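**Student:** Structure below; questions to follow.
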Amino acid sequence: MAESDLVGELETFLAGHQPELVEFRRDLHAHPEIGYAEHRTTRRIALRLQAAGLRPAVLPKGTGLLCDIGGSGDDSPAVALRADIDALPIVDEKNVPYRSLNAGACHACGHDVHTSILLGTGLFLARAAAAGALPGKVRLIFQPAEEVPGGALDVLAAGGISSVDRIFALHCDPRLEVGKIGTRIGPITAACDRVKVQLSGPGGHTARPHLTADLVFALGKVITELPAALSRRIDPRSALSLVWGQVSAGSASNAIPDSGVVEGTLRCLDDSSWHAAPEMLKDVVESVASAYGVTADLTYERSVPPAVNEAVSTGMIAAAADRVLGPPAITPAPQSLGGEDFAWYLESIPGSLFRLGTREPGSVEEFDIHQPMFDVDERCIAVGVKVMAATALTAIGGKHEAESMIADASPAERVGSVHVVRQSVGGVTLAGPLLGGYSPVA
Ligand SMILES: [Zn+2]
Ligand SMILES: [Zn+2]
């Protein structure tokens with residue numbers, strides 16, 4: 001599809017469909033469903049896709065679905081676009097007509113927006129396919145249970161990205177104005193694992209610590225030594241941080257307890273450090289415990305990996321946004337130490353997640369995600385559809401087309417006007433955003 005055609009086609013499509021997509025989002029917002037309970041949400045998406053002549057397939061656990069558009073042969077390029085569909089188990093405190101009707105559930109992470117954008121993108125691409133203007137296959141992934149997390153693993157188990165070359169997603173960003181998007185090459189969200197260290201030893205009188213194991217002292221050493229040792233044994237560029245959130249031991253000032261526990265979260269932006277962290281932690285816990293004669297039990301609960309945006313895919317998003325929104329819309333996205341289960345897909349295939357601005361320009365309200373007052377400027381839905389659709393078309397148009405688009409945005413041409421500059425990542429030079437910008441979100 002030629003550049004001018006794509007922009008015009010998207011404008012025409014959105015002129016007809018934007019009210020429906022806003023209405024769809026409001027309906028989801030009023031009926032939020034938490035992870036693995038998204039039955040109504042799944043049904044609504046499936047019915048709308050079927051009405052457009054598509055054939056959605058619900059995932060084995062009964063919520064979430066996959067839907068393919070276009071693609072005649074096995075060798076045609078295939079990309080996946082993913083939206084998460086679940087809500088959070090918190091109370092909606094907004095006073096809006098579309099306030100949650102489901103007690104204790106709220107779309108406070110914007111997944112209702114993500115879902116509506118992917119639906120709109122699917123409807124647009126289905127029209128393109130019917131007109132013979134889709135040179136490959138696009139798979140829509142409406143994923144359940146991102147917040148649990150783990151819905152991404154269900155999609156992977158169901159073969160959701162088999163024969164897919166590349167995957168894209170977006171996430172609402174209430175700190176970025178509507179009309180803008182944020183891109184980043186490399187880690188954009190962090191791994192977030194739970195760590196629990198339980199110590200035990202013979203308790204006794206505080207007058208005679210030498211006859212016991214001074215468990216509180218040992219626990220104090222665990223609390224200070226683990227983060228310190230990790231900071232020296234892991235590459236500091238991986239931004240690994242271990243922060244304790246809960247500690248307990250003992251019940252009297254003159255008695256050494258026989259057990260104690262400390263719990264915290266380990267966050268990390270680098271994939272290889274994330275893989276190395278549990279073994280390293282185990283070593284340090286064992287050496288501290290043996291030095292003080294206590295027994296240590298380490299529980300390491302894996303959650304999501306860091307989401308590491310691949311360079312070419314990120315360049316495709318930037319090139320697509322450049323095409324449909326114009327260069328001033330693209331800003332650099334900061335890294336966040338929040339977790340995002342889109343990272344599971346990126347462990348298998350290249351892809352990229354971008355931030356979608358949802359903040360009303362000039363608004364004095366400071367919304368954040370995961371808060372009961374979270375809401376968006378709904379014009380972000382049209383922006384999201386434009387960028388997602390253009391990104392899919394760029395990606396199935398082939399890597400070379402994307403790279404030539406990126407090459408067109410030469411640094412010299414952009415100086416003084418914009419953001420697309422060259423970055424070197426792993427020896428490959430590609431377009432990417434300038435550093436700096438707004439503050440990170442989870
Ligand atoms: Zn969330
Ligand atoms: Zn989210």
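Residue numbering restarts at 1 in every chain; chains get A, B, ... in the order shown in the structure tokens, and ligands count up from 1 in that same order.
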Excluding A:Lys196 and residues on its chain fewer than 6 positions from it, collect all residues at most 10 Å away from it, counting only C-alpha atoms, and give them as an MDAnalysis selection string.
**Tutor:** chainID A and resid 244 246:247 261:265 297:301
**Student:** Given the selection you just returned, output its residues as a file containing C-alpha atoms, formatted as a PDB file, in the first residue's frame.
**Tutor:**
ATOM      1  CA  TRP A 244      13.574  -6.189  50.526  1.00  0.00           C
ATOM      2  CA  GLN A 246       9.211  -7.578  54.334  1.00  0.00           C
ATOM      3  CA  VAL A 247      11.208  -8.937  57.268  1.00  0.00           C
ATOM      4  CA  VAL A 261      12.408 -14.577  57.155  1.00  0.00           C
ATOM      5  CA  VAL A 262      13.032 -11.799  54.700  1.00  0.00           C
ATOM      6  CA  GLU A 263      11.245 -11.296  51.379  1.00  0.00           C
ATOM      7  CA  GLY A 264      11.835  -8.967  48.468  1.00  0.00           C
ATOM      8  CA  THR A 265      11.833  -8.520  44.719  1.00  0.00           C
ATOM      9  CA  ASP A 297      16.263 -21.920  52.750  1.00  0.00           C
ATOM     10  CA  LEU A 298      16.053 -19.824  49.575  1.00  0.00           C
ATOM     11  CA  THR A 299      12.791 -19.625  47.627  1.00  0.00           C
ATOM     12  CA  TYR A 300      13.245 -18.015  44.227  1.00  0.00           C
ATOM     13  CA  GLU A 301      10.004 -17.457  42.336  1.00  0.00           C
TER      14      GLU A 301
END
**Student:** Set out as a tab-separated table a contact list for chain A and ligand 1 with a cut-off of 9 Å, giving each residue of chain A that qualifies its closest atom pair and distance in Å to one decimal, counting only C-alpha atoms and all ligand atoms, ordered by chain and rising residue number.
**Tutor:**
residue	atom	partner	partner_atom_place_in_ligand_line	distance
A:Ala87	CA	ligand 1	1 (Zn)	8.1
A:Leu88	CA	ligand 1	1 (Zn)	7.4
A:His107	CA	ligand 1	1 (Zn)	9.0
A:Ala108	CA	ligand 1	1 (Zn)	7.3
A:Cys109	CA	ligand 1	1 (Zn)	4.5
A:Gly110	CA	ligand 1	1 (Zn)	7.8
A:His111	CA	ligand 1	1 (Zn)	8.0
A:Glu146	CA	ligand 1	1 (Zn)	7.5
A:Glu147	CA	ligand 1	1 (Zn)	5.6
A:Gly338	CA	ligand 1	1 (Zn)	8.6
A:Gly339	CA	ligand 1	1 (Zn)	8.2
A:Glu340	CA	ligand 1	1 (Zn)	7.6
A:Ile369	CA	ligand 1	1 (Zn)	6.8
A:His370	CA	ligand 1	1 (Zn)	6.0
A:Ala442	CA	ligand 1	1 (Zn)	7.6
**Student:** Show which residues sit within 8 Å of stretch 63-70 of chain A, as number ranges by chain. Count only C-alpha atoms, and ignore same-chain residues fewer than 2 positions away.
**Tutor:** A: 36-39, 42, 46, 54-61, 72, 85, 122, 125-126, 129, 134-144, 160
**Student:** Got a sec: who's within 7 Å of A:Gly120, counting only C-alpha atoms, leaving out chain neighbours fewer than 3 positions off, as a ChimeraX atom specification?
**Tutor:** /A:21,116-117,123-124,385
**Student:** Please extract the residues of stretch 255-412 of chain A with a backbone DSSP assignment of strand (DSSP E or B) and present them as number ranges by chain.
**Tutor:** A: 255-256, 259-268, 295-301, 307-309, 330-332, 351-359
**Student:** For the residues in the current selection, export N, CA and C atoms as a short mmCIF file (atom, residue, chain, number, x, y, z; two decimals), in the first residue's frame.
**Tutor:**
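For reference, again19.cif as written:
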data_model
loop_
_atom_site.label_atom_id
_atom_site.label_comp_id
_atom_site.auth_asym_id
_atom_site.auth_seq_id
_atom_site.Cartn_x
_atom_site.Cartn_y
_atom_site.Cartn_z
N ALA A 255 15.41 -12.58 73.74
CA ALA A 255 15.42 -13.98 73.28
C ALA A 255 15.83 -14.05 71.81
N ILE A 256 16.80 -14.90 71.53
CA ILE A 256 17.21 -15.11 70.13
C ILE A 256 16.23 -16.11 69.51
N SER A 259 13.89 -18.83 64.18
CA SER A 259 13.65 -18.68 62.74
C SER A 259 13.38 -17.22 62.40
N GLY A 260 13.59 -16.90 61.16
CA GLY A 260 13.34 -15.54 60.67
C GLY A 260 13.25 -15.57 59.17
N VAL A 261 12.61 -14.56 58.60
CA VAL A 261 12.41 -14.58 57.15
C VAL A 261 12.48 -13.16 56.59
N VAL A 262 13.02 -13.08 55.41
CA VAL A 262 13.03 -11.80 54.70
C VAL A 262 12.59 -12.06 53.26
N GLU A 263 11.76 -11.13 52.74
CA GLU A 263 11.24 -11.30 51.38
C GLU A 263 11.42 -10.01 50.59
N GLY A 264 11.66 -10.15 49.30
CA GLY A 264 11.84 -8.97 48.47
C GLY A 264 11.65 -9.29 47.00
N THR A 265 11.93 -8.30 46.17
CA THR A 265 11.83 -8.52 44.72
C THR A 265 13.18 -8.25 44.07
N LEU A 266 13.47 -9.06 43.08
CA LEU A 266 14.68 -8.87 42.28
C LEU A 266 14.25 -8.43 40.90
N ARG A 267 14.72 -7.25 40.50
CA ARG A 267 14.38 -6.72 39.18
C ARG A 267 15.65 -6.61 38.35
N CYS A 268 15.50 -6.80 37.05
CA CYS A 268 16.69 -6.86 36.21
C CYS A 268 16.33 -6.53 34.77
N THR A 295 20.86 -22.29 59.26
CA THR A 295 20.44 -22.99 58.05
C THR A 295 19.58 -22.03 57.21
N ALA A 296 19.85 -22.01 55.92
CA ALA A 296 19.11 -21.08 55.06
C ALA A 296 18.30 -21.85 54.02
N ASP A 297 17.12 -21.34 53.78
CA ASP A 297 16.26 -21.92 52.75
C ASP A 297 15.87 -20.79 51.80
N LEU A 298 16.33 -20.88 50.55
CA LEU A 298 16.05 -19.82 49.57
C LEU A 298 14.90 -20.24 48.66
N THR A 299 13.87 -19.39 48.60
CA THR A 299 12.79 -19.63 47.63
C THR A 299 12.89 -18.54 46.56
N TYR A 300 13.10 -18.97 45.33
CA TYR A 300 13.25 -18.01 44.23
C TYR A 300 12.10 -18.25 43.25
N GLU A 301 11.19 -17.29 43.19
CA GLU A 301 10.00 -17.46 42.34
C GLU A 301 10.17 -16.64 41.07
N ALA A 307 11.71 -7.51 29.13
CA ALA A 307 11.26 -7.39 27.74
C ALA A 307 12.32 -6.61 26.97
N VAL A 308 12.98 -7.30 26.05
CA VAL A 308 14.10 -6.68 25.32
C VAL A 308 13.66 -6.44 23.87
N ASN A 309 13.44 -5.18 23.55
CA ASN A 309 12.99 -4.81 22.21
C ASN A 309 14.10 -5.01 21.19
N ILE A 330 7.09 10.78 17.64
CA ILE A 330 7.90 9.68 18.18
C ILE A 330 8.87 10.21 19.22
N THR A 331 8.76 9.66 20.43
CA THR A 331 9.66 10.08 21.50
C THR A 331 10.39 8.86 22.05
N PRO A 332 11.48 9.09 22.74
CA PRO A 332 12.19 7.96 23.35
C PRO A 332 11.47 7.46 24.59
N GLY A 351 10.84 -8.85 18.24
CA GLY A 351 9.64 -8.03 18.32
C GLY A 351 9.92 -6.79 19.13
N SER A 352 8.87 -6.02 19.34
CA SER A 352 9.06 -4.77 20.08
C SER A 352 7.74 -4.29 20.67
N LEU A 353 7.82 -3.70 21.83
CA LEU A 353 6.66 -3.09 22.49
C LEU A 353 6.90 -1.60 22.56
N PHE A 354 5.86 -0.82 22.20
CA PHE A 354 6.02 0.63 22.30
C PHE A 354 5.01 1.22 23.27
N ARG A 355 5.31 2.40 23.74
CA ARG A 355 4.41 3.13 24.65
C ARG A 355 3.46 3.99 23.83
N LEU A 356 2.20 3.98 24.24
CA LEU A 356 1.19 4.79 23.57
C LEU A 356 0.76 5.90 24.52
N GLY A 357 0.93 7.13 24.08
CA GLY A 357 0.53 8.28 24.91
C GLY A 357 -0.98 8.28 25.13
N THR A 358 -1.41 8.45 26.39
CA THR A 358 -2.85 8.46 26.69
C THR A 358 -3.24 9.70 27.50
N ARG A 359 -2.31 10.59 27.71
CA ARG A 359 -2.57 11.75 28.58
C ARG A 359 -3.20 12.88 27.78
#
**Student:** For A:Glu378, find every residue with an atom within 10 Å (counting only C-alpha atoms), except residues of its own chain fewer than 3 positions away, and show them as a list of chain:residue names.
**Tutor:**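 Contacts, with the query itself left out: A:Gln18, A:Leu21, A:Val22, A:Arg25, A:Arg26, A:Val113, A:Val178, A:Thr358, A:Arg359, A:Glu360, A:Asp375, A:Ile381, A:Ala382, A:Val383.
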